[in-house]
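Following: one structure in structure tokens, then a few remarks.
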Amino acid sequence: MNFELLFAAQADTPVRYALTGAKGGFARTLLAQTRRMPRLVPAVLCDLDLPGLRALCLELGFDPARLVDCADAAAVAAAPADAIVLVADVGVVDHQRYDILVEATGHPSTGFRIACNAIDAGRHVAMVSKEVDAVTGIALSRRAAARGVVYTTADGDQPANLIGWVSWARTLNLEIVAAGKSSEYDLVFDPATGTITQFDQTFAAPGMGELLTLGADVPATLARRRAALGGRKTSATADYCEMAVVATNTGLVPDVELLHYPIARTAELADVYALKEDGGLLGRNGAIEVFNMLRTPDEASFAGGVFVVVKTFDTVTWELLRQKGHVVSRDGRYACMFLPYHFMGIETPISLLNAVLHGRASGSARPTQCAVLGGRATVDIPAGTVLTMGGHHHDVTGVQAVLLPRESAPADVAPLYLAAHARTARDVRAGELLVLGDITGDDPALRAAWLDGLQ
């Protein structure tokens, strides 16, 4: 794609966006990037913390004279046309003020309602709230298509990046064995101290020093690496949610419900994500996956990037690529092709420009419910318990996120983020998969959208 042409066709046309969850971490990266793009306009910013939102805008260098707090629709209507409207409730905003909504609340019911209102008003929607997309993405995509607007994932976040990378590989008619991303935080092993640092925690793992190469038995080495972590959890609900979004947009499905989550180095991925008969982990082609990046302090990070593992097809071609430094399996049958980055809101303008100026989505135009983000109880949960969602990764208390192929999931499986904030309708035992009959008090509109997406 010639990115310079995104604005070229309508060089004098500003692209105006509304942003919800505007004080969050993702939002900051988008607003900071917007300062470098004069024709990209943050027309409406919505957050419950208006003083904090105003402070953020001032910190980023937005003109204070253009920042207008609006408590109701009348105040919005009175605001100058070029104002950056700050609101606590996006419902008071005239939809004519913006071209595309960037939904980043992270709240399933709220985000769904906001997206529906924007689509019904003829506005495009860029969905950042993966929690919304995992439950209602298919219904929202259909709703947008019926109204002639774009519903899209947002470039800069792993789902859109991986969807694009899978599309690239398929355009080249490469046979995809696996596709996925690295987890949020690397496992950085220091051979000098025998310790691993993951984000802000450092712990002893002296046995890892003997496991920096895969050896002949790949699954055995990966199991020993896992054991060297001493039971520390390396998976995240957010990862499962993001891969659910990728699944519906690509048709790729999980090999196992918890994903394999191997602890691997970049150069090993083609061997790790080989089929079992070739010494790897996978029991099927076309698997969606996440891995934990293992590296030493002087090695570059995968940076939350994305990858596809493909089958090779010409020995000479792929040996030549191996010589140039590309990741090819030791037996030459598989290759890993990767983008070791995701830049959050710095990249998102690409999606906004494509949607508004060219009517193009970053995801699939026809997503399908081929996989389900469900939840399996990790403890006994009494009837009437509120399934609270919270924390950095939007975990649901007492519930482990699982990713299931729809073909093998119960027909009435409950999507995780429909269950979030609902109550259990019966006693749920540890190990049980939540189904729709297990929850009550969930959002009826959200449930209806989920059921519509299954049709």
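Letters A, B, ... go to the chains of the structure tokens in the order shown; residues in each chain start at 1; ligands are counted from 1 in the same order.
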With a distance cut-off of 7 Å and only C-alpha atoms, select the neighbouring residues of segment 412-421 of chain A, excluding the residue or stretch itself and same-chain residues fewer than 3 positions from it, and output the selection as a PyMOL selection string.
chain A and resi 108+131+135+372-375+386-389+396+401+409+434-436+439+442+446-447
Mind checking DSSP for segment 129-281 of chain A and telling me the alpha helix (DSSP H) residues as a count of residues only?
60
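Among the candidates A:Pro51, A:Gly345, A:Gly164, A:Pro297, the residue lying nearest to Ala361 of chain A is A:Gly164 (atoms considered: only C-alpha atoms).
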Pairwise distance, atom CA of Phe112 of chain A with atom CA of Leu454 of chain A, equals 16.8 Å
Within 12 Å of Ala139 of chain A, counting only C-alpha atoms, which residues qualify if same-chain residues fewer than 2 places away don't, as an NGL selection string?
:A and (112 or 115-116 or 119 or 132-137 or 141-146 or 151 or 248 or 365-369 or 445-455)
Would you put the residues from that selection into a file with N, CA and C atoms, as a compact mmCIF listing (two decimals), in the first residue's frame?
```txt
# COMPACT_ATOMS: atom_id res chain seq x y z
N PHE A 112 -20.69 -1.45 23.04
CA PHE A 112 -21.63 -1.93 22.03
C PHE A 112 -22.69 -0.88 21.76
N ALA A 115 -21.23 2.04 19.80
CA ALA A 115 -20.95 1.67 18.41
C ALA A 115 -22.23 1.58 17.60
N CYS A 116 -23.28 0.99 18.18
CA CYS A 116 -24.56 0.90 17.47
C CYS A 116 -25.10 2.28 17.13
N ILE A 119 -23.10 3.79 14.22
CA ILE A 119 -23.41 3.13 12.95
C ILE A 119 -24.79 3.56 12.45
N VAL A 132 -15.68 -5.84 23.37
CA VAL A 132 -16.91 -5.62 22.61
C VAL A 132 -16.92 -6.50 21.37
N ASP A 133 -15.81 -6.48 20.65
CA ASP A 133 -15.71 -7.21 19.39
C ASP A 133 -15.88 -8.71 19.60
N ALA A 134 -15.31 -9.25 20.69
CA ALA A 134 -15.37 -10.69 20.93
C ALA A 134 -16.80 -11.20 21.11
N VAL A 135 -17.71 -10.32 21.52
CA VAL A 135 -19.10 -10.72 21.71
C VAL A 135 -19.96 -10.28 20.53
N THR A 136 -19.74 -9.07 20.03
CA THR A 136 -20.69 -8.47 19.09
C THR A 136 -20.07 -8.05 17.76
N GLY A 137 -18.82 -8.40 17.52
CA GLY A 137 -18.15 -7.94 16.32
C GLY A 137 -18.86 -8.33 15.03
N SER A 141 -20.50 -5.71 12.47
CA SER A 141 -20.04 -5.69 11.09
C SER A 141 -21.22 -5.76 10.13
N ARG A 142 -22.17 -6.62 10.43
CA ARG A 142 -23.36 -6.73 9.58
C ARG A 142 -24.20 -5.46 9.63
N ARG A 143 -24.31 -4.90 10.81
CA ARG A 143 -25.08 -3.67 10.98
C ARG A 143 -24.47 -2.54 10.16
N ALA A 144 -23.13 -2.46 10.21
CA ALA A 144 -22.44 -1.41 9.45
C ALA A 144 -22.62 -1.62 7.95
N ALA A 145 -22.48 -2.86 7.49
CA ALA A 145 -22.64 -3.14 6.06
C ALA A 145 -24.03 -2.77 5.58
N ALA A 146 -25.05 -3.04 6.40
CA ALA A 146 -26.42 -2.72 6.02
C ALA A 146 -26.64 -1.22 5.88
N TYR A 151 -17.03 -0.92 9.52
CA TYR A 151 -16.70 -1.37 10.87
C TYR A 151 -15.36 -2.07 10.77
N THR A 248 -12.26 -14.74 14.26
CA THR A 248 -13.49 -14.45 13.53
C THR A 248 -13.21 -13.73 12.22
N ALA A 365 -14.42 -8.26 5.76
CA ALA A 365 -15.74 -7.70 5.46
C ALA A 365 -16.84 -8.67 5.87
N ARG A 366 -16.48 -9.95 6.04
CA ARG A 366 -17.48 -10.97 6.40
C ARG A 366 -16.93 -11.86 7.50
N PRO A 367 -16.79 -11.34 8.71
CA PRO A 367 -16.30 -12.19 9.81
C PRO A 367 -17.30 -13.29 10.12
N THR A 368 -16.79 -14.41 10.63
CA THR A 368 -17.63 -15.55 10.96
C THR A 368 -17.30 -16.04 12.36
N GLN A 369 -18.30 -16.61 13.03
CA GLN A 369 -18.10 -17.07 14.41
C GLN A 369 -17.50 -18.47 14.41
N ALA A 445 -29.37 -6.66 25.15
CA ALA A 445 -28.95 -6.25 23.81
C ALA A 445 -27.65 -6.95 23.42
N LEU A 446 -26.77 -7.11 24.40
CA LEU A 446 -25.51 -7.79 24.13
C LEU A 446 -25.77 -9.27 23.81
N ARG A 447 -26.66 -9.90 24.56
CA ARG A 447 -26.99 -11.30 24.31
C ARG A 447 -27.62 -11.46 22.92
N ALA A 448 -28.52 -10.55 22.57
CA ALA A 448 -29.18 -10.61 21.26
C ALA A 448 -28.16 -10.48 20.13
N ALA A 449 -27.19 -9.58 20.32
CA ALA A 449 -26.16 -9.39 19.29
C ALA A 449 -25.30 -10.64 19.15
N TRP A 450 -24.97 -11.27 20.29
CA TRP A 450 -24.19 -12.51 20.25
C TRP A 450 -24.95 -13.59 19.48
N LEU A 451 -26.22 -13.78 19.80
CA LEU A 451 -27.02 -14.81 19.14
C LEU A 451 -27.19 -14.50 17.65
N ASP A 452 -27.30 -13.22 17.33
CA ASP A 452 -27.41 -12.83 15.92
C ASP A 452 -26.13 -13.21 15.17
N GLY A 453 -24.97 -13.04 15.83
CA GLY A 453 -23.70 -13.38 15.18
C GLY A 453 -23.52 -14.85 14.93
N LEU A 454 -24.28 -15.68 15.65
CA LEU A 454 -24.17 -17.14 15.47
C LEU A 454 -24.95 -17.63 14.26
N GLN A 455 -25.85 -16.76 13.74
CA GLN A 455 -26.71 -17.18 12.62
C GLN A 455 -25.95 -17.19 11.31
```
Long-range neighbours of Thr20 of chain A as JSON, numbers by chain, 6 Å cut-off, only C-alpha atoms, 5 positions minimum in chain
{"A": [46, 103, 104, 105]}
Got time to write the residues from that selection, C-alpha atoms, as a compact mmCIF listing (two decimals), in the first residue's frame?
```
# COMPACT_ATOMS: atom_id res chain seq x y z
CA CYS A 46 -15.25 11.26 25.76
CA GLU A 103 -14.42 2.94 20.55
CA ALA A 104 -11.90 2.35 23.37
CA THR A 105 -13.95 2.11 26.58
```
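The shell of residues at most 10 Å from segment 275-283 of chain A, with only C-alpha atoms counted and near chain neighbours (fewer than 4 positions) removed, consists of Val177, Ala178, Ala216, Asp217, Val218, Pro219, Leu222, Pro254, Asp255, Val256, His260, Pro262, Leu269, Ala270, Asp271, Ala287, Glu289, Asp331, Arg333 and Tyr334 of chain A.
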Write the residues of the selection above to a file with C-alpha atoms, as a PDB file, in the first residue's frame.
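Output contents, as saved in part-v5.pdb:
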```
ATOM      1  CA  VAL A 177       0.146 -23.569   9.686  1.00  0.00           C
ATOM      2  CA  ALA A 178      -0.072 -21.115  12.582  1.00  0.00           C
ATOM      3  CA  ALA A 216      16.262 -32.631  19.455  1.00  0.00           C
ATOM      4  CA  ASP A 217      12.982 -32.999  21.375  1.00  0.00           C
ATOM      5  CA  VAL A 218      11.145 -29.696  20.993  1.00  0.00           C
ATOM      6  CA  PRO A 219       8.068 -30.449  23.177  1.00  0.00           C
ATOM      7  CA  LEU A 222       9.429 -26.436  26.026  1.00  0.00           C
ATOM      8  CA  PRO A 254      -7.222 -22.715  18.352  1.00  0.00           C
ATOM      9  CA  ASP A 255      -5.427 -26.061  18.495  1.00  0.00           C
ATOM     10  CA  VAL A 256      -6.135 -26.330  22.243  1.00  0.00           C
ATOM     11  CA  HIS A 260       0.046 -23.715  23.697  1.00  0.00           C
ATOM     12  CA  PRO A 262       5.297 -21.941  24.406  1.00  0.00           C
ATOM     13  CA  LEU A 269       9.242 -20.335  16.005  1.00  0.00           C
ATOM     14  CA  ALA A 270       9.294 -22.315  12.761  1.00  0.00           C
ATOM     15  CA  ASP A 271      10.351 -25.443  14.683  1.00  0.00           C
ATOM     16  CA  ALA A 287      -3.996 -22.662  14.377  1.00  0.00           C
ATOM     17  CA  GLU A 289      -1.549 -18.986  18.903  1.00  0.00           C
ATOM     18  CA  ASP A 331      14.246 -29.572   8.593  1.00  0.00           C
ATOM     19  CA  ARG A 333       9.671 -27.642   6.013  1.00  0.00           C
ATOM     20  CA  TYR A 334       8.402 -24.519   7.792  1.00  0.00           C
TER      21      TYR A 334
END
```
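All residues of segment 271-364 of chain A that DSSP, run on the backbone, classes as strand (DSSP E) are A:Ala287, A:Ile288, A:Glu289, A:Val290, A:Phe291, A:Asn292, A:Met293, A:Leu294, A:Arg295, A:Val306, A:Phe307, A:Val308, A:Val309, A:Val310, A:Lys311, A:Val327, A:Val328, A:Tyr334, A:Ala335, A:Cys336, A:Met337, A:Phe338, A:Leu339.
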For those residues, write N, CA, C and O atoms to a file as a PDB file, in the first residue's frame.
```pdb
ATOM      1  N   ALA A 287      -3.772 -22.896  12.949  1.00  0.00           N
ATOM      2  CA  ALA A 287      -3.996 -22.662  14.377  1.00  0.00           C
ATOM      3  C   ALA A 287      -3.699 -21.219  14.742  1.00  0.00           C
ATOM      4  O   ALA A 287      -2.768 -20.599  14.222  1.00  0.00           O
ATOM      5  N   ILE A 288      -4.504 -20.694  15.675  1.00  0.00           N
ATOM      6  CA  ILE A 288      -4.256 -19.370  16.243  1.00  0.00           C
ATOM      7  C   ILE A 288      -3.470 -19.569  17.536  1.00  0.00           C
ATOM      8  O   ILE A 288      -3.759 -20.485  18.294  1.00  0.00           O
ATOM      9  N   GLU A 289      -2.473 -18.705  17.800  1.00  0.00           N
ATOM     10  CA  GLU A 289      -1.549 -18.986  18.903  1.00  0.00           C
ATOM     11  C   GLU A 289      -0.990 -17.714  19.543  1.00  0.00           C
ATOM     12  O   GLU A 289      -1.073 -16.624  18.973  1.00  0.00           O
ATOM     13  N   VAL A 290      -0.398 -17.904  20.734  1.00  0.00           N
ATOM     14  CA  VAL A 290       0.365 -16.870  21.434  1.00  0.00           C
ATOM     15  C   VAL A 290       1.602 -17.542  22.001  1.00  0.00           C
ATOM     16  O   VAL A 290       1.522 -18.678  22.467  1.00  0.00           O
ATOM     17  N   PHE A 291       2.752 -16.849  21.951  1.00  0.00           N
ATOM     18  CA  PHE A 291       3.950 -17.414  22.588  1.00  0.00           C
ATOM     19  C   PHE A 291       4.549 -16.406  23.556  1.00  0.00           C
ATOM     20  O   PHE A 291       4.336 -15.191  23.442  1.00  0.00           O
ATOM     21  N   ASN A 292       5.284 -16.933  24.518  1.00  0.00           N
ATOM     22  CA  ASN A 292       6.034 -16.103  25.455  1.00  0.00           C
ATOM     23  C   ASN A 292       7.450 -15.927  24.936  1.00  0.00           C
ATOM     24  O   ASN A 292       8.179 -16.899  24.751  1.00  0.00           O
ATOM     25  N   MET A 293       7.841 -14.702  24.709  1.00  0.00           N
ATOM     26  CA  MET A 293       9.159 -14.411  24.151  1.00  0.00           C
ATOM     27  C   MET A 293      10.246 -14.617  25.206  1.00  0.00           C
ATOM     28  O   MET A 293      10.227 -13.987  26.272  1.00  0.00           O
ATOM     29  N   LEU A 294      11.201 -15.506  24.910  1.00  0.00           N
ATOM     30  CA  LEU A 294      12.375 -15.723  25.759  1.00  0.00           C
ATOM     31  C   LEU A 294      13.574 -15.098  25.068  1.00  0.00           C
ATOM     32  O   LEU A 294      13.844 -15.386  23.898  1.00  0.00           O
ATOM     33  N   ARG A 295      14.279 -14.249  25.792  1.00  0.00           N
ATOM     34  CA  ARG A 295      15.457 -13.622  25.207  1.00  0.00           C
ATOM     35  C   ARG A 295      16.439 -13.252  26.299  1.00  0.00           C
ATOM     36  O   ARG A 295      16.102 -13.253  27.496  1.00  0.00           O
ATOM     37  N   VAL A 306       3.558  -9.798  15.625  1.00  0.00           N
ATOM     38  CA  VAL A 306       2.712 -10.862  15.080  1.00  0.00           C
ATOM     39  C   VAL A 306       3.513 -11.709  14.104  1.00  0.00           C
ATOM     40  O   VAL A 306       4.531 -11.282  13.555  1.00  0.00           O
ATOM     41  N   PHE A 307       3.027 -12.933  13.876  1.00  0.00           N
ATOM     42  CA  PHE A 307       3.754 -13.848  12.999  1.00  0.00           C
ATOM     43  C   PHE A 307       2.786 -14.784  12.284  1.00  0.00           C
ATOM     44  O   PHE A 307       1.647 -14.993  12.719  1.00  0.00           O
ATOM     45  N   VAL A 308       3.264 -15.328  11.190  1.00  0.00           N
ATOM     46  CA  VAL A 308       2.631 -16.493  10.571  1.00  0.00           C
ATOM     47  C   VAL A 308       3.727 -17.529  10.357  1.00  0.00           C
ATOM     48  O   VAL A 308       4.872 -17.188  10.042  1.00  0.00           O
ATOM     49  N   VAL A 309       3.393 -18.787  10.557  1.00  0.00           N
ATOM     50  CA  VAL A 309       4.272 -19.900  10.212  1.00  0.00           C
ATOM     51  C   VAL A 309       3.650 -20.598   9.014  1.00  0.00           C
ATOM     52  O   VAL A 309       2.458 -20.952   9.048  1.00  0.00           O
ATOM     53  N   VAL A 310       4.420 -20.748   7.952  1.00  0.00           N
ATOM     54  CA  VAL A 310       3.915 -21.321   6.709  1.00  0.00           C
ATOM     55  C   VAL A 310       4.735 -22.541   6.324  1.00  0.00           C
ATOM     56  O   VAL A 310       5.874 -22.715   6.773  1.00  0.00           O
ATOM     57  N   LYS A 311       4.157 -23.387   5.486  1.00  0.00           N
ATOM     58  CA  LYS A 311       4.912 -24.499   4.924  1.00  0.00           C
ATOM     59  C   LYS A 311       5.751 -23.983   3.763  1.00  0.00           C
ATOM     60  O   LYS A 311       5.297 -23.170   2.963  1.00  0.00           O
ATOM     61  N   VAL A 327      13.787 -16.950   9.328  1.00  0.00           N
ATOM     62  CA  VAL A 327      13.575 -18.044  10.276  1.00  0.00           C
ATOM     63  C   VAL A 327      12.940 -19.225   9.542  1.00  0.00           C
ATOM     64  O   VAL A 327      11.753 -19.199   9.201  1.00  0.00           O
ATOM     65  N   VAL A 328      13.758 -20.240   9.298  1.00  0.00           N
ATOM     66  CA  VAL A 328      13.316 -21.468   8.636  1.00  0.00           C
ATOM     67  C   VAL A 328      13.603 -22.629   9.584  1.00  0.00           C
ATOM     68  O   VAL A 328      14.630 -22.643  10.276  1.00  0.00           O
ATOM     69  N   TYR A 334       9.223 -25.625   7.309  1.00  0.00           N
ATOM     70  CA  TYR A 334       8.402 -24.519   7.792  1.00  0.00           C
ATOM     71  C   TYR A 334       9.242 -23.236   7.843  1.00  0.00           C
ATOM     72  O   TYR A 334      10.455 -23.289   8.020  1.00  0.00           O
ATOM     73  N   ALA A 335       8.545 -22.118   7.722  1.00  0.00           N
ATOM     74  CA  ALA A 335       9.209 -20.819   7.870  1.00  0.00           C
ATOM     75  C   ALA A 335       8.312 -19.904   8.686  1.00  0.00           C
ATOM     76  O   ALA A 335       7.079 -19.979   8.592  1.00  0.00           O
ATOM     77  N   CYS A 336       8.924 -19.052   9.487  1.00  0.00           N
ATOM     78  CA  CYS A 336       8.189 -18.061  10.265  1.00  0.00           C
ATOM     79  C   CYS A 336       8.441 -16.679   9.680  1.00  0.00           C
ATOM     80  O   CYS A 336       9.590 -16.265   9.505  1.00  0.00           O
ATOM     81  N   MET A 337       7.370 -15.978   9.379  1.00  0.00           N
ATOM     82  CA  MET A 337       7.443 -14.626   8.822  1.00  0.00           C
ATOM     83  C   MET A 337       6.763 -13.702   9.826  1.00  0.00           C
ATOM     84  O   MET A 337       5.616 -13.948  10.226  1.00  0.00           O
ATOM     85  N   PHE A 338       7.453 -12.657  10.265  1.00  0.00           N
ATOM     86  CA  PHE A 338       6.953 -11.914  11.422  1.00  0.00           C
ATOM     87  C   PHE A 338       7.166 -10.420  11.300  1.00  0.00           C
ATOM     88  O   PHE A 338       8.032  -9.934  10.560  1.00  0.00           O
ATOM     89  N   LEU A 339       6.327  -9.697  12.048  1.00  0.00           N
ATOM     90  CA  LEU A 339       6.438  -8.244  12.207  1.00  0.00           C
ATOM     91  C   LEU A 339       6.649  -7.987  13.691  1.00  0.00           C
ATOM     92  O   LEU A 339       5.688  -8.052  14.470  1.00  0.00           O
TER      93      LEU A 339
END
```
For Asp157 of chain A, work out the shell of residues within 12 Å, counting only C-alpha atoms and skipping chain neighbours fewer than 2 positions away, then give it as number ranges by chain.
A: 26-27, 29-30, 104, 126-130, 152-155, 159-164, 181, 184, 238-239, 242-243, 245-246, 303-306, 341-351, 362-363
